[in-house]
Every structure is written in structure tokens, then in C-alpha cells.
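Asks: The following file, final-v5.cif, comprises mmCIF, C-alpha atoms:
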data_upload
#
loop_
_atom_site.label_atom_id
_atom_site.label_comp_id
_atom_site.auth_asym_id
_atom_site.auth_seq_id
_atom_site.Cartn_x
_atom_site.Cartn_y
_atom_site.Cartn_z
CA MET A 18 8.36 21.93 -34.25
CA ARG A 19 8.65 19.70 -31.23
CA ASN A 20 5.72 18.73 -29.08
CA GLU A 21 6.54 17.91 -25.49
CA LEU A 22 4.10 16.20 -23.20
CA ASP A 23 3.42 17.74 -19.81
CA PHE A 24 3.47 15.10 -17.07
CA ALA A 25 2.69 17.56 -14.25
CA PRO A 26 -0.91 16.31 -13.76
CA LEU A 27 0.38 12.77 -13.34
CA TYR A 28 2.87 13.86 -10.66
CA ARG A 29 -0.04 15.10 -8.55
CA SER A 30 -1.93 11.80 -8.57
CA SER A 31 0.80 9.16 -8.52
CA ILE A 32 3.44 8.14 -6.04
CA GLY A 33 6.67 6.35 -6.82
CA PHE A 34 6.57 6.73 -10.60
CA ASP A 35 9.13 9.55 -10.75
CA ARG A 36 11.66 7.40 -12.56
CA VAL A 37 9.17 6.48 -15.29
CA PHE A 38 8.30 10.12 -15.90
CA ASN A 39 11.99 11.03 -16.00
CA LEU A 40 12.60 8.33 -18.61
CA LEU A 41 9.75 9.66 -20.73
CA ASN A 42 11.04 13.23 -20.42
CA ASN A 43 14.57 12.16 -21.37
CA ALA A 44 13.27 10.27 -24.39
CA GLN A 45 11.51 13.42 -25.58
CA ARG A 46 14.72 15.45 -25.33
CA LEU A 47 16.76 13.29 -27.68
CA GLN A 48 17.77 15.53 -30.55
CA ALA A 49 18.85 13.00 -33.14
CA ILE A 50 18.57 9.27 -32.96
CA GLU A 51 22.02 7.80 -33.32
CA THR A 52 22.02 4.74 -35.57
CA TRP A 53 25.66 3.76 -35.28
CA PRO A 54 26.82 1.25 -34.24
CA PRO A 55 23.88 -1.02 -35.00
CA TYR A 56 22.71 -3.23 -32.14
CA ASP A 57 20.17 -5.89 -31.19
CA ILE A 58 18.51 -6.51 -27.83
CA VAL A 59 17.58 -10.15 -27.29
CA LYS A 60 15.50 -11.61 -24.46
CA THR A 61 17.05 -15.04 -23.94
CA SER A 62 14.87 -16.15 -21.01
CA GLU A 63 12.45 -14.71 -18.47
CA ASP A 64 15.18 -12.77 -16.62
CA ASP A 65 18.10 -12.82 -19.08
CA TYR A 66 18.87 -10.36 -21.86
CA ARG A 67 21.70 -9.82 -24.32
CA ILE A 68 22.78 -6.71 -26.20
CA GLN A 69 24.73 -7.37 -29.39
CA MET A 70 26.56 -4.48 -31.06
CA ALA A 71 28.38 -4.57 -34.40
CA VAL A 72 31.74 -2.97 -33.64
CA ALA A 73 33.89 -4.12 -36.56
CA GLY A 74 37.41 -2.75 -36.39
CA PHE A 75 37.35 -2.13 -32.63
CA ALA A 76 39.59 -4.14 -30.30
CA GLU A 77 38.78 -4.92 -26.68
CA ALA A 78 41.13 -2.13 -25.59
CA ASP A 79 39.14 0.36 -27.70
CA LEU A 80 35.84 -0.37 -25.90
CA ASP A 81 34.68 0.74 -22.46
CA ILE A 82 31.55 -0.64 -20.76
CA THR A 83 30.30 0.89 -17.51
CA GLN A 84 27.12 0.60 -15.49
CA GLU A 85 26.15 3.75 -13.59
CA ARG A 86 23.09 3.07 -11.47
CA ASN A 87 20.40 2.17 -14.03
CA VAL A 88 22.32 3.25 -17.12
CA LEU A 89 24.62 1.05 -19.18
CA VAL A 90 27.16 3.09 -21.15
CA VAL A 91 29.13 1.57 -24.02
CA LYS A 92 31.91 3.76 -25.45
CA GLY A 93 34.22 3.10 -28.35
CA GLN A 94 37.32 5.09 -29.26
CA ARG A 95 39.49 3.50 -31.91
CA THR A 96 43.17 4.21 -31.85
CA GLU A 97 44.30 5.31 -35.27
CA GLY A 98 47.34 3.57 -36.62
CA LYS A 99 49.21 4.86 -39.62
CA ASP A 100 48.58 1.99 -42.08
CA GLY A 101 49.02 4.14 -45.14
CA GLU A 102 46.91 6.49 -47.20
CA TYR A 103 43.27 5.48 -47.58
CA LEU A 104 41.91 5.68 -51.12
CA HIS A 105 38.47 4.63 -49.87
CA ARG A 106 37.32 4.34 -46.27
CA GLY A 107 34.07 2.40 -45.98
CA ILE A 108 34.48 0.78 -42.55
CA ALA A 109 33.19 3.17 -39.93
CA GLY A 110 35.62 3.60 -37.08
CA ARG A 111 34.37 6.80 -35.49
CA ALA A 112 34.06 7.16 -31.75
CA PHE A 113 30.67 6.41 -30.24
CA GLU A 114 28.81 6.41 -26.97
CA ARG A 115 25.63 4.39 -26.64
CA ARG A 116 23.45 4.53 -23.51
CA PHE A 117 20.88 1.96 -22.44
CA GLU A 118 18.39 2.60 -19.63
CA LEU A 119 18.20 -0.45 -17.39
CA ALA A 120 15.26 -1.43 -15.23
CA ASP A 121 15.69 -1.78 -11.50
CA HIS A 122 17.56 -4.90 -10.40
CA VAL A 123 19.19 -5.49 -13.82
CA ARG A 124 22.93 -6.03 -13.72
CA VAL A 125 25.61 -6.78 -16.29
CA GLU A 126 26.87 -10.35 -16.01
CA ASN A 127 29.64 -10.31 -18.61
CA ALA A 128 30.73 -9.03 -22.02
CA SER A 129 32.58 -10.63 -24.91
CA LEU A 130 33.91 -9.55 -28.30
CA THR A 131 33.80 -12.18 -31.05
CA ASN A 132 34.04 -11.65 -34.80
CA GLY A 133 33.31 -7.92 -34.49
CA ILE A 134 30.19 -8.44 -32.35
CA LEU A 135 30.21 -7.11 -28.79
CA ALA A 136 27.83 -9.22 -26.67
CA ILE A 137 26.76 -7.95 -23.24
CA ALA A 138 24.82 -10.37 -21.02
CA LEU A 139 22.31 -8.83 -18.60
CA LYS A 140 20.35 -10.47 -15.80
CA ARG A 141 17.35 -9.22 -13.84
CA GLU A 142 17.56 -10.33 -10.20
CA VAL A 143 14.47 -9.42 -8.24
CA PRO A 144 15.12 -9.53 -4.47
CA GLU A 145 13.21 -12.18 -2.51
CA ALA A 146 11.28 -9.50 -0.62
CA MET A 147 9.86 -8.16 -3.90
CA LYS A 148 8.91 -11.51 -5.44
CA PRO A 149 5.28 -12.62 -5.25
CA ARG A 150 4.62 -14.93 -2.32
CA LYS A 151 1.75 -17.23 -1.50
CA ILE A 152 -0.28 -16.31 1.57
CA ALA A 153 -1.82 -19.24 3.41
CA ILE A 154 -5.44 -18.88 4.43
CA GLY A 155 -6.09 -19.92 8.01
CA ASP A 156 -9.24 -20.95 9.85
CA GLY A 157 -9.96 -17.41 11.04
CA SER A 158 -8.79 -17.78 14.62
CA PHE A 159 -5.86 -15.62 15.54
CA GLN A 160 -3.88 -17.21 18.30
CA GLN A 161 -1.18 -15.34 20.09
CA ALA A 162 1.68 -17.00 21.82
CA PRO A 163 1.09 -17.18 25.57
CA LEU A 164 2.86 -14.47 27.52
CA GLN A 165 5.66 -15.73 29.74
CA ILE A 166 7.17 -14.02 32.70
CA GLU A 167 10.89 -14.41 33.04
CA ALA A 168 12.08 -15.72 36.38
CA GLU A 169 14.51 -13.60 38.30
CA ARG A 170 18.09 -14.57 37.72
CA GLN A 171 20.29 -14.98 40.70
CA VAL A 172 23.85 -13.90 40.46
CA ALA A 173 26.22 -16.24 42.26
#
Could you rewrite the structure in this file as C-alpha cells?
Replies:
Amino acid sequence: MRNELDFAPLYRSSIGFDRVFNLLNNAQRLQAIETWPPYDIVKTSEDDYRIQMAVAGFAEADLDITQERNVLVVKGQRTEGKDGEYLHRGIAGRAFERRFELADHVRVENASLTNGILAIALKREVPEAMKPRKIAIGDGSFQQAPLQIEAERQVA
């Protein structure tokens, strides 16, 4: 039995939080939590993050990383070579698709594959207009610039 939360009352009393409610609804709809490939999310500084995925057996050509709006999609499809008959197959090489929801203003800087670990560097870049700014407190007098009347221009 699944219990789903109803966010309808919150829609009536909040403005601009649609994306948050959509994220919560999408999280509720996940059928099974995929555990492969394993990954870590590391916060390396105030605005920098790194996703590390264990993708042993995958080459760079087998991996596809795309950013679609606020979703980072990592896909892996290994090309099967005929190396012989496997007596035991313990290294997982199945296709996968892993999605990560990104906050606003987060972009992918780069990706690298080293020793079977895919590292994806992310950076949050908040626009200047959205950053906190200091407001100077004046003496209380509001002075307007004096109005000037433009002189008539003579055409020669």
C-alpha cells in the first residue's frame, strides 16, 4: 500500500513553489529505488559539487551525460564484445540511466573517467541580481536631481 501526500492545500497558500511540489510528487512516484551503479555526491566548497559513479567496465564511448533544464541524466550502454564464453560473470555491465535533479543555477562544469570512476563536477552560479546585497542607510532626506529643461537645438 502506497501513501501519497496531497499538496493541494499548499498550492492555495503559496506562490512560486511549484517546482518544489513537483519534485516531492515525483519522488513519491518512484517505483523501485535503483541502486546500480553506486554513486557519491560530494560538496567540495560552498558552490561546488561532485558526483562520483562507479562504472567499472564502461569506456568513455559507452557513457552519455546530458543536462536537460534542471535534470542531469547519466546513461551507460556497454557494447558487448565477443571475448569468449563466460563461466562466471560477476562484473555488472548492464545498461543504466541515472537522473539527478539539479537546483536552479547549477551547471555541469566537466566530467572525467579515471580508474572506473566517473566524476562529474557541478557548480552553482547565482546571478548577481539574486545575490544578497547591502543597502546603505541614509540620513532620511530624499533628494531628487534638479529638473533641467533642454534648450532648443538649432539646425544649421
Asks: Which of these, A:Val88, A:Ile108, A:Tyr103, A:Glu114, has the shortest distance to Thr52 (chain A) once you count only C-alpha atoms?
Replies: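 Ranking A:Val88, A:Ile108, A:Tyr103, A:Glu114 by distance to Thr52 (chain A), first place goes to A:Glu114.
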Asks: Written as an MDAnalysis selection string, what is the full residue list that the PyMOL selection byres ((chain A and resi 72) around 10) yields on the file shown?
Replies: chainID A and resid 53:56 69:71 73:76 80 93 109:110 130:135
Asks: Just so the selection is clear, what residues does the PyMOL selection byres ((chain A and resi 62) around 12) cover here, as a PDB file with C-alpha atoms, keeping the file's coordinate frame?
Replies:
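Output file selection_9.pdb is given in full below:
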ATOM      1  CA  VAL A  59      17.580 -10.150 -27.290  1.00  0.00           C
ATOM      2  CA  LYS A  60      15.500 -11.610 -24.460  1.00  0.00           C
ATOM      3  CA  THR A  61      17.050 -15.040 -23.940  1.00  0.00           C
ATOM      4  CA  GLU A  63      12.450 -14.710 -18.470  1.00  0.00           C
ATOM      5  CA  ASP A  64      15.180 -12.770 -16.620  1.00  0.00           C
ATOM      6  CA  ASP A  65      18.100 -12.820 -19.080  1.00  0.00           C
ATOM      7  CA  TYR A  66      18.870 -10.360 -21.860  1.00  0.00           C
ATOM      8  CA  ARG A  67      21.700  -9.820 -24.320  1.00  0.00           C
ATOM      9  CA  ALA A 138      24.820 -10.370 -21.020  1.00  0.00           C
ATOM     10  CA  LEU A 139      22.310  -8.830 -18.600  1.00  0.00           C
ATOM     11  CA  LYS A 140      20.350 -10.470 -15.800  1.00  0.00           C
ATOM     12  CA  ARG A 141      17.350  -9.220 -13.840  1.00  0.00           C
TER      13      ARG A 141
END
Asks: Any idea what the distance is between CA of Ser129 (chain A) and CA of Glu142 (chain A)?
Replies: 21.0 Å
Asks: Measuring atom to atom with only C-alpha atoms, identify which of A:Ala128, A:Gly155, A:Val143, A:Leu41 is nearest to Asp81 (chain A).
Replies: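 Of A:Ala128, A:Gly155, A:Val143, A:Leu41, the one nearest Asp81 (chain A) is A:Ala128, counting only C-alpha atoms.
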Asks: Hey, can you pull every residue with an atom no more than 10 Å from (14.0, -0.5, -10.6), using all atoms listed in the file, and send it as a VMD selection string?
Replies: chain A and resid 36 to 37 86 to 87 119 to 123 141 143
Asks: Rounded to one decimal in Å, what is the spacing between CA of Ala78 (chain A) and CA of Ala136 (chain A)?
Replies: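 Calculated distance between CA of Ala78 (chain A) and CA of Ala136 (chain A) is 15.1 Å.
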Asks: May I have the residues within 7 Å of Arg115 (chain A) as a PDB file with C-alpha atoms, keeping the file's coordinate frame, using only C-alpha atoms and disregarding those fewer than 5 positions away in the same chain?
Replies:
ATOM      1  CA  VAL A  90      27.160   3.090 -21.150  1.00  0.00           C
ATOM      2  CA  VAL A  91      29.130   1.570 -24.020  1.00  0.00           C
ATOM      3  CA  LYS A  92      31.910   3.760 -25.450  1.00  0.00           C
TER       4      LYS A  92
END
